[in-house]
Amino acid sequence: MAAAALPFIVFTALWGIVGIVAPFFVPKGPNRGVIQVVLMLTAATCWLFWLCCYMAQMNPLIGPKLEAPIIKLMAREWGHAIIMTSE
Amino acid sequence: MFRSEEMALAQLFIQPEAAYQSISELGETGTVQFRDLNEEVNAFQRKFVTEVRRCDEMERKLRYIEAEVRKDGVHIPDVRELPKAPNPREITDLEAHLEKTEGEIKELSENAVSLKSNYLGFVELRQVLEKTHAFLVEQGEINGPDVSHKLPEDAQTAGIARGRLGFVAGVINRERIPAFERMLWRISRGNVFLKQAEIEEALEDPSTGNLMNKTVFVAFYQGEQLKSRINKVCGEQLKSRINKVCAGFHASIYSCPNISQEREEMLKNVRTQIEDVTLVLNQTKDHRQRVLVGVAKELQNWTVMVRKMKAIYHTLNMFNMDVTKKCLIGECWVPVTDIPVVQKALSDVVQKALSDGSSAGGSSITSFLNVIETNENPPTFNRTNKFTRGFQNLIDSYGVASYREVNPALYTIITFPFLFAIMFGDAGHGVILFLFGLYMVADEKKYMAKKTSSEIWNIFFAGRYIVLLMGIFSIYTGFVYNDVFSKTMNIFGSSWNANSTYTDVDAHQEVQLNPSFDYAGTPYFIGVDPAWMLASNKIIFLNSFKMKLSIIFGVFHMIFGVCMSVVNYAHFRHIEDFFLLFLPQIIFLCLLFLWMVVMMFMKWIMYSADLSEMAYGSSCAPSVLIYFINMMLFSTNDHDEDCMEYMFEGQGTIQLIFVLVALLCIPVMLLGKPFYVMSTRKSQKKASGANGDVNQGMELQPESVSDIPQSAPRRDQHEEHEEPISEIFIHSAIHTIEYVLSTISHTASYLRLWALSLAHAQLSEVLWTMVLQMGFRDNYIGAIFLFLIFAAWAALTVAILVMMEGLSAFLHTLRLHWVEFMSKFYKGEGYIFQPFSFKVILQEEDEAD
C-alpha cells in the first residue's frame with residue numbers, strides 16, 4: 001500500500017505553480033512583494049495541509065466502524081457490492 | 001511592508017510670510033510629522049495663540065449655526081471636494097461672514113420666540129373665551145333661576161345675578177390641575193368652585209418648542225359685589241389669594257368680561273389678531289428657513305476650512321523663531337522616499353506667491369528642507385493599503401514595531417486566516433463567512449462614504465479583507481476535512497469498500513472495516529475519506545490526525561518565527577547574535593520538535609495494516625508522543641516481543657545525540673552573549689589604554705558578576721549607555737529560560753488548533769442531529785415542520801457556529817500569532833508615525849462629534 005502518484009503529482013504541481021511559478025508573473029508595482037509573499041505562503045500552507053491529510057490516511061491502522069444500515073447504504077449508493085455468502 | 005519606511009529628521013526653514021501657506025500645503029500631502037520645539041512653553045505663551053483663539057471662536061459660532069440648522073431639520077449637504085485652508089485674507093472675510101450669519105440667526109430666533117409667545121397668549125385667550133362662555137351661561141342658569149326667569153333682558157340681569165359670584169379664568173398645564181384644585185380648596189375652605197375644560201390640541205411652548213397639553217379653568221368664588229362689607233373684604237382677599245395661587249402654578253390668567261356680548265366682541269378681536277400673528281409668524285419662519293438653507297450649503301465647507309486653519313496654527317506653534325526673526329524653523333520626521341514630495345510642496349507655495357505677485361514678495365527665497373543626522377529613534381511607518389491595513393492593525397495592537405524591524409504583518413496576511421481556518425474548518429460556514437466578507441468588500445466605497453457610529457459594524461468593516469480571506473481558507477480546510485455543515489461529500493469515490501457479508505452485517509450492530517481487506521490501497525483524493533465521517537469511531541481517527549496536524553503546523557510556524565530573527569540580526573548587523581542566539585535556538589527547536597514531526601511522518605509512511613511484516617503492522621505502531629517523552633527522559637521504550645523498540649535501527653543513538661546537542665545549546669544561549677559583551681568591552685578598554693585585566697580569569701563563572709560593580713563605575717565614565725554586565729547576565733538568563741520553556745509550552749499551545757477544530761466539528765454535528773434532524777418526517781406536516789425547523793437551524797448556525805465559534809477561533813489565532821509566533825523575533829518597542837495630515841485631523845474630529 002502506498003501513495004498513488006496521480007494525486008500527489010496533481011497537488012504538488014497545482015500548489016507549485018501557485019507558489020513558485022506564479023510569483024514570477026506578478027505585475028510590477030508597489031505591491032509586488034506583498035502579492036508574491038501571499039502566493040508563496042498560501043501555496044506552502046495549503047500544500048502542507050493537504051499532504052498531512054493525505055499521508056495520515058495513506059496507511060490506515062484501523063478502519064472505520066460503521067453501523068449496519070450505513071454499510072448497506074454505502075454498498076448500494078457507492079457501488080461496492082456486498083459479497084453474498086451463504087454460510 | 002517588509003520593514004517600516006526609512007525615516008529622516010529634517011529641519012524646515014520657512015519665511016514667516018509663506019509659513020501659513022507652506023504648512024497648509026504640507027497638511028494636504030500628509031507626509032511629515034512635526035516635532036514640538038517649544039515643549040517647555042506653556043500653551044498660552046506661544047506665538048499664534050490669538051489666531052488659535054479666533055479659530056475657536058469661529059468654531060463655536062459654527063456649532064451654534066449647525067445646531068440651529070439641525071433644529072429646523074434642514075439637510076446639510078455633504079461636500080464632495082474638501083476646500084483648502086483659507087488665505088489669511090479670506091479668513092477675515094469668513095470671520096465677518098460668520099459673525100453676520102450668527103447675528104442674523106440669533107435675532108431671527110429671538111423674534112420668533114417673542115412672536116410665538118404672543119401667539120400662544122392669543123390662542124389661550126381664545127380658548128378661555130370659548131370655553132368659559134359655556135360655563136358662564138350655565139352658571140347664570142344655576143345661579144339665579146328666580147331672578148333670570150322673571151327678567152327678560154337676561155344679558156344685564158344675568159350679569160347682576162352672576163355678580164354675586166366673582167371668577168378668575170385662565171389656562172394651566174394639564175398635569176398641574178389636581179394639585180391646583182386641592183390648593184384652591186384649601187385656601188378658600190371650600191368656597192371656590194373650579195370648572196375646567198381641556199384644550200383639545202396641544203400647544204407649543206415658544207422657547208423650547210415642546211408641545212404641552214393645557215386646560216382652561218374658571219374659578220368661581222363668592223361675594224364680589226355683596227352688600228355686606230365683611231363679605232366684600234373676604235371676597236377681595238379671596239381673589240388676591242387665588243391670583244397668587246395661579247401665579248404659583250404658572251397659570252396664565254386672562255381677563256374675561258362678564259357679559260356675553262362683550263365676550264363675543266372680544267373673541268372676534270382675538271381671532272383677527274391671531275390671524276395677523278400667524279401671518280407674521282409664517283413669514284418669519286420662511287425667512288429663517290431661507291437663511292438656514294443658504295447657510296447649510298456652505299456650512300460643511302466652513303467647518304472644514306476652520307478646522308484646517310486651526311490645525312495649521314497649532315502646527316505653527318510648534319515652530320521656533322530664528323534669532324533674527326527672519327524665518328521659522330521646524331523639525332519634522334519625513335519618510336526618505338517622500339522628501340521630494342515635501343520639497344515640491346514647499347517650492348509650489350513660493351511659485352504661486354511669485355506668480356500672484358502678491359505681497360508675499362519677501363518670500364521669494366525658497367523655504368528649504370535640511371536633513372539632519374540624529375541619534376534619536378525615528379517613528380515607525382508602515383505604508384499600508386486598504387488590503388493590508390487590517391492586518392497591520394492586528395500587529396500594531398500588540399505593539400508598534402521597532403524602527404526598521406521585520407514586520408510580521410506581511411506574513412500574517414496568510415498565516416492568520418490559515419490558522420483560523422484550521423480551527424474553523426467547515427466549507428459551509430466558510431461560505432457564509434466568505435459571502436459576508438465579499439459583501440463588505442464589494443460595496444466598500446459606499447460604506448466608506450457612509451459613516452456610521454455603530455462600533456461593531458466599524459470593527460467588522462475594518463477587518464473586511466481578513467474576513468474574506470478567513471472565509472476562503474475555511475472553505476479550503478473544510479473541503480479537506482470533508483465537512484460541509486457537518487455533512488460529508490463523496491466526490492472522488494471512497495477508498496473504503498464494504499466488503500462484508502450480509503451475514504456479518506446482519507449479525508452485528510456495527511462492523512469495523514478491516515484496513516487489510518476493505519481498504520482500496522490509495523487514500524481518498526482530497527482530504528478525509530467520507531467513510532470516516534460516517535463512522536462511529538471517527539473521533540479516534542480525527543483526534544490523531546488533527547493533533548498531529550496542529551503540532552506539525554505549530555512547529556513550522558515557530559521555526560519560521562525563529563528564522564525571522566535572523567533577518568533582524570542581519571539588518572542591525574548583530575552578527576554575534578546570529579551565532580550566539582539564533583543558532584542555538586534553532587538547533588534546539590529542530591532537534592527536539594522537528595524531530596517529533598519527522599517521527600510523525602515516518603509513522604505515517606512506515607506503519608500499515610499490511611500483514612506481511614509484523615514489525616511494521618498496526619499492532620506494533622508506536623505512539624510518537626511516548627517516544628518523545630522517553631527521548632527526553634533517556635529511558636527505553638516498552639515493547640512487545642514481536643515489535644522493535646524503535647522505528648529503525650540506531651534511532652536510540654540518534655535520539656541520544658539529538659538530546660545531548662540540544663542540551664548543549666542551552667549554556668551557549670545562556671552565557672554566549674554576556675561573555676561576548678565582556679570581551680568586546682575589554683578589547684575596547686585595552687585599545688583606550690585602560691587596565692583591562694581586572695576580570696580576567698573570573699569569566700568562567702557567572703557568579704563572578706558580584707565582582708564587577710567595582711569596575712563598573714570606571715566603565716561608565718567611558719561609555720554612558722552601557723548597562724552593567726550583571727544586568728546582561730540576568731537578561732540572558734531570563735531569555736534562555738523563557739525560550740527553553742516556551743518551546744515546550746508553545747508547542748503544546750498549538751494543540752488549541754486541534755481542540756477548537758474538533759469542538760467546531762462536533763458542535764455543528766450536534767446541531768444537525770438535535771435540531772434539523774427533528775424536521776425529517778415522512779408526511780406533509782413534516783414539510784411544514786421542516787420549514788420552521790430549518791429557520792431555527794439556520795439561525796443557530798449563524799449565531800453560534802459562525803459568529804461565536806468564529807470569534808473564539810479568531811481570538812485563539814490572534815494569541816497564536818502574538819505569543820507563539822511574534823515572541824520569537826518581534827520587539828515592538830517603536831512608536832507610530834503620525835503625519836500632519838488634514839485628512840486624519842478631519843476624520844478624528846468627525847468621530848469626536
# chains A, B, ... in the order shown; residues from 1 in each chain; ligands from 1

$ closest_atom_pairs --of "chain A" --to "segment 620-643 of chain B" --cutoff "12 Å" --atoms "only C-alpha atoms" --output "Markdown table"
| residue | atom | partner | partner_atom | distance |
| --- | --- | --- | --- | --- |
| A:Asn59 | CA | B:Ala621 | CA | 11.2 |
| A:Pro60 | CA | B:Ala621 | CA | 10.8 |
| A:Leu61 | CA | B:Ala621 | CA | 8.1 |
| A:Ile62 | CA | B:Ala621 | CA | 10.9 |

$ residues_around --residues "Leu786 of chain B" --least-positions-apart "3" --cutoff "9 Å" --atoms "only C-alpha atoms" --output "list in words"
Leu772, Gln773, Met774, Gly775, Phe776, Arg777, Ile781, Gly782, Ala783, Ile789, Phe790 and Ala791 of chain B

$ write_last_selection --atoms "N, CA and C atoms" --output "short mmCIF file (atom, residue, chain, number, x, y, z; two decimals), in the first residue's frame"
data_model
loop_
_atom_site.label_atom_id
_atom_site.label_comp_id
_atom_site.auth_asym_id
_atom_site.auth_seq_id
_atom_site.Cartn_x
_atom_site.Cartn_y
_atom_site.Cartn_z
N LEU B 772 -31.97 19.93 13.18
CA LEU B 772 -32.53 19.79 11.83
C LEU B 772 -33.11 18.40 11.62
N GLN B 773 -32.51 17.40 12.27
CA GLN B 773 -32.99 16.04 12.01
C GLN B 773 -34.41 15.83 12.55
N MET B 774 -34.80 16.65 13.53
CA MET B 774 -36.16 16.53 14.03
C MET B 774 -37.17 16.83 12.94
N GLY B 775 -36.73 17.62 11.96
CA GLY B 775 -37.66 18.03 10.92
C GLY B 775 -37.87 17.00 9.83
N PHE B 776 -37.04 15.96 9.81
CA PHE B 776 -37.18 14.97 8.74
C PHE B 776 -38.28 13.97 9.09
N ARG B 777 -39.45 14.17 8.51
CA ARG B 777 -40.55 13.24 8.74
C ARG B 777 -41.17 12.94 7.39
N ILE B 781 -47.19 17.21 7.10
CA ILE B 781 -46.95 18.05 8.28
C ILE B 781 -45.45 18.22 8.47
N GLY B 782 -44.76 17.11 8.17
CA GLY B 782 -43.31 17.16 8.29
C GLY B 782 -42.71 18.26 7.44
N ALA B 783 -43.31 18.49 6.28
CA ALA B 783 -42.76 19.50 5.38
C ALA B 783 -42.84 20.88 6.02
N ILE B 789 -38.25 24.31 11.37
CA ILE B 789 -37.02 23.80 12.00
C ILE B 789 -35.80 24.34 11.26
N PHE B 790 -35.94 24.43 9.95
CA PHE B 790 -34.79 24.90 9.18
C PHE B 790 -34.45 26.34 9.58
N ALA B 791 -35.50 27.13 9.80
CA ALA B 791 -35.24 28.52 10.21
C ALA B 791 -34.45 28.53 11.52
#

$ residues_around --residues "Leu751 of chain B" --least-positions-apart "4" --cutoff "8 Å" --atoms "only C-alpha atoms" --output "PDB file with all heavy atoms, in the first residue's frame"
ATOM      1  N   MET B 547      -4.482  16.260  15.851  1.00  0.00           N
ATOM      2  CA  MET B 547      -3.451  16.554  16.835  1.00  0.00           C
ATOM      3  C   MET B 547      -2.097  16.649  16.153  1.00  0.00           C
ATOM      4  O   MET B 547      -1.329  17.583  16.378  1.00  0.00           O
ATOM      5  CB  MET B 547      -3.435  15.453  17.889  1.00  0.00           C
ATOM      6  CG  MET B 547      -3.247  15.979  19.289  1.00  0.00           C
ATOM      7  SD  MET B 547      -3.003  14.681  20.463  1.00  0.00           S
ATOM      8  CE  MET B 547      -4.586  13.965  20.613  1.00  0.00           C
ATOM      9  N   SER B 550      -1.855  19.792  14.037  1.00  0.00           N
ATOM     10  CA  SER B 550      -1.618  21.066  14.716  1.00  0.00           C
ATOM     11  C   SER B 550      -0.182  21.161  15.204  1.00  0.00           C
ATOM     12  O   SER B 550       0.416  22.236  15.158  1.00  0.00           O
ATOM     13  CB  SER B 550      -2.604  21.269  15.867  1.00  0.00           C
ATOM     14  OG  SER B 550      -2.674  20.121  16.649  1.00  0.00           O
ATOM     15  N   ILE B 551       0.382  20.036  15.634  1.00  0.00           N
ATOM     16  CA  ILE B 551       1.787  20.084  16.064  1.00  0.00           C
ATOM     17  C   ILE B 551       2.677  20.398  14.871  1.00  0.00           C
ATOM     18  O   ILE B 551       3.600  21.217  14.953  1.00  0.00           O
ATOM     19  CB  ILE B 551       2.204  18.740  16.699  1.00  0.00           C
ATOM     20  CG1 ILE B 551       1.432  18.525  17.996  1.00  0.00           C
ATOM     21  CG2 ILE B 551       3.694  18.712  16.957  1.00  0.00           C
ATOM     22  CD1 ILE B 551       1.758  19.495  19.072  1.00  0.00           C
ATOM     23  N   THR B 747       4.593  24.727  21.889  1.00  0.00           N
ATOM     24  CA  THR B 747       4.197  23.582  21.074  1.00  0.00           C
ATOM     25  C   THR B 747       2.877  23.018  21.580  1.00  0.00           C
ATOM     26  O   THR B 747       1.966  22.730  20.807  1.00  0.00           O
ATOM     27  CB  THR B 747       5.272  22.482  21.137  1.00  0.00           C
ATOM     28  OG1 THR B 747       6.521  23.091  20.873  1.00  0.00           O
ATOM     29  CG2 THR B 747       4.988  21.404  20.122  1.00  0.00           C
ATOM     30  N   ALA B 755      -7.991  21.233  19.331  1.00  0.00           N
ATOM     31  CA  ALA B 755      -9.147  21.258  20.232  1.00  0.00           C
ATOM     32  C   ALA B 755     -10.288  22.055  19.624  1.00  0.00           C
ATOM     33  O   ALA B 755     -11.435  21.609  19.607  1.00  0.00           O
ATOM     34  CB  ALA B 755      -8.733  21.872  21.560  1.00  0.00           C
TER      35      ALA B 755
END

$ interface_residues --of "chain B" --to "chain A" --cutoff "8 Å" --atoms "only C-alpha atoms" --output "JSON, numbers by chain"
{"B": [1, 410, 411, 413, 414, 415, 418, 480, 493, 494, 497, 498, 499, 500, 501, 502, 503, 505, 506, 508, 509, 510, 511, 512, 513, 514, 515, 521, 522, 523, 524, 525, 526, 527, 528, 531, 532, 534, 535, 536, 537, 538, 545, 549, 601, 604, 605, 607, 608, 609, 610, 617, 618]}

$ write_last_selection --atoms "C-alpha atoms" --output "mmCIF file, in the first residue's frame"
data_model
loop_
_atom_site.group_PDB
_atom_site.id
_atom_site.type_symbol
_atom_site.label_atom_id
_atom_site.label_comp_id
_atom_site.auth_asym_id
_atom_site.auth_seq_id
_atom_site.Cartn_x
_atom_site.Cartn_y
_atom_site.Cartn_z
ATOM 1 C CA MET B 1 5.619 46.205 4.040
ATOM 2 C CA LEU B 410 3.305 40.675 5.939
ATOM 3 C CA TYR B 411 3.207 37.002 6.915
ATOM 4 C CA ILE B 413 -1.835 38.115 5.797
ATOM 5 C CA ILE B 414 -1.779 34.389 5.067
ATOM 6 C CA THR B 415 -0.859 32.639 8.290
ATOM 7 C CA PHE B 418 -4.970 29.903 7.592
ATOM 8 C CA VAL B 480 -10.053 18.840 3.170
ATOM 9 C CA GLY B 493 -15.037 7.740 -4.530
ATOM 10 C CA SER B 494 -14.335 6.462 -1.070
ATOM 11 C CA ASN B 497 -15.244 -0.837 0.466
ATOM 12 C CA ALA B 498 -17.966 -2.503 2.387
ATOM 13 C CA ASN B 499 -16.728 -5.989 1.644
ATOM 14 C CA SER B 500 -18.569 -7.542 4.480
ATOM 15 C CA THR B 501 -21.015 -10.311 4.022
ATOM 16 C CA TYR B 502 -24.708 -9.999 4.668
ATOM 17 C CA THR B 503 -24.461 -12.437 7.495
ATOM 18 C CA VAL B 505 -23.845 -7.197 8.698
ATOM 19 C CA ASP B 506 -26.988 -8.796 9.961
ATOM 20 C CA HIS B 508 -23.768 -7.296 14.316
ATOM 21 C CA GLN B 509 -24.953 -3.861 15.107
ATOM 22 C CA GLU B 510 -21.707 -2.413 13.927
ATOM 23 C CA VAL B 511 -18.966 -3.617 11.699
ATOM 24 C CA GLN B 512 -15.446 -2.302 11.792
ATOM 25 C CA LEU B 513 -13.904 -2.379 8.372
ATOM 26 C CA ASN B 514 -10.537 -4.045 8.270
ATOM 27 C CA PRO B 515 -7.813 -1.974 6.673
ATOM 28 C CA GLY B 521 -4.845 0.848 -1.265
ATOM 29 C CA THR B 522 -4.696 4.520 -2.020
ATOM 30 C CA PRO B 523 -6.268 7.217 0.046
ATOM 31 C CA TYR B 524 -9.153 9.453 -0.859
ATOM 32 C CA PHE B 525 -8.134 12.072 -3.374
ATOM 33 C CA ILE B 526 -8.513 15.221 -1.329
ATOM 34 C CA GLY B 527 -8.951 15.210 2.376
ATOM 35 C CA VAL B 528 -10.645 12.903 4.784
ATOM 36 C CA ALA B 531 -16.370 6.740 5.127
ATOM 37 C CA TRP B 532 -14.705 8.194 8.232
ATOM 38 C CA LEU B 534 -19.988 8.283 8.833
ATOM 39 C CA ALA B 535 -18.130 6.069 11.242
ATOM 40 C CA SER B 536 -18.887 5.875 14.931
ATOM 41 C CA ASN B 537 -15.181 5.836 15.736
ATOM 42 C CA LYS B 538 -14.413 8.869 13.649
ATOM 43 C CA PHE B 545 -4.973 13.303 12.632
ATOM 44 C CA LEU B 549 -1.601 18.313 12.131
ATOM 45 C CA PHE B 601 5.701 11.389 9.052
ATOM 46 C CA TRP B 604 2.515 7.524 8.635
ATOM 47 C CA ILE B 605 4.756 6.076 5.958
ATOM 48 C CA TYR B 607 3.446 1.510 9.545
ATOM 49 C CA SER B 608 0.457 -0.032 7.906
ATOM 50 C CA ALA B 609 -2.075 -2.736 8.405
ATOM 51 C CA ASP B 610 -0.300 -4.846 5.890
ATOM 52 C CA GLY B 617 1.984 -3.818 11.483
ATOM 53 C CA SER B 618 -0.786 -1.979 13.191
#

$ atom_distance --atom1 "atom CA of Gly29 of chain A" --atom2 "atom CA of Val567 of chain B"
23.8 Å

$ residues_around --residues "Asn393 of chain B" --least-positions-apart "2" --cutoff "12 Å" --atoms "only C-alpha atoms" --output "list in words"
Asn382, Thr384, Asn385, Lys386, Phe387, Thr388, Arg389, Gly390, Phe391, Ile395, Asp396, Ser397, Tyr398, Gly399, Val400, Ala401, Asn407, Pro408, Ala409, Leu410, Thr412, Ile413, Ile459, Ala462, Gly463, Ile466, Leu814 and Ile832 of chain B

$ residues_around --residues "segment 174-181 of chain B" --least-positions-apart "6" --cutoff "7 Å" --atoms "only C-alpha atoms" --output "count of residues only"
3

$ residues_around --residues "Ala520 of chain B" --least-positions-apart "2" --cutoff "7 Å" --atoms "only C-alpha atoms" --output "VMD selection string"
chain B and resid 495 to 496 518 522

$ write_last_selection --atoms "N, CA, C and O atoms" --output "JSON list (two decimals), in the first residue's frame"
[["chain", "number", "residue", "atom", "x", "y", "z"],
["B", 495, "SER", "N", -12.32, 5.32, -0.45],
["B", 495, "SER", "CA", -11.34, 4.25, -0.56],
["B", 495, "SER", "C", -11.72, 3.03, 0.27],
["B", 495, "SER", "O", -10.98, 2.06, 0.32],
["B", 496, "TRP", "N", -12.81, 3.15, 0.97],
["B", 496, "TRP", "CA", -13.21, 2.03, 1.82],
["B", 496, "TRP", "C", -14.37, 1.28, 1.17],
["B", 496, "TRP", "O", -15.35, 1.88, 0.77],
["B", 518, "ASP", "N", -10.53, -4.19, 3.35],
["B", 518, "ASP", "CA", -11.55, -3.29, 2.83],
["B", 518, "ASP", "C", -10.98, -2.00, 2.29],
["B", 518, "ASP", "O", -11.71, -1.13, 1.81],
["B", 522, "THR", "N", -5.12, 3.12, -1.94],
["B", 522, "THR", "CA", -4.70, 4.52, -2.02],
["B", 522, "THR", "C", -5.75, 5.37, -1.33],
["B", 522, "THR", "O", -6.93, 5.06, -1.40]]

$ closest_residue --among "B:Met440, B:Leu542, B:Met599, B:Leu203" --to "Ala761 of chain B" --atoms "only C-alpha atoms"
B:Leu542

$ closest_residue --among "B:Met470, B:Met564, B:Met533, B:Val295" --to "Lys827 of chain B" --atoms "only C-alpha atoms"
B:Met564
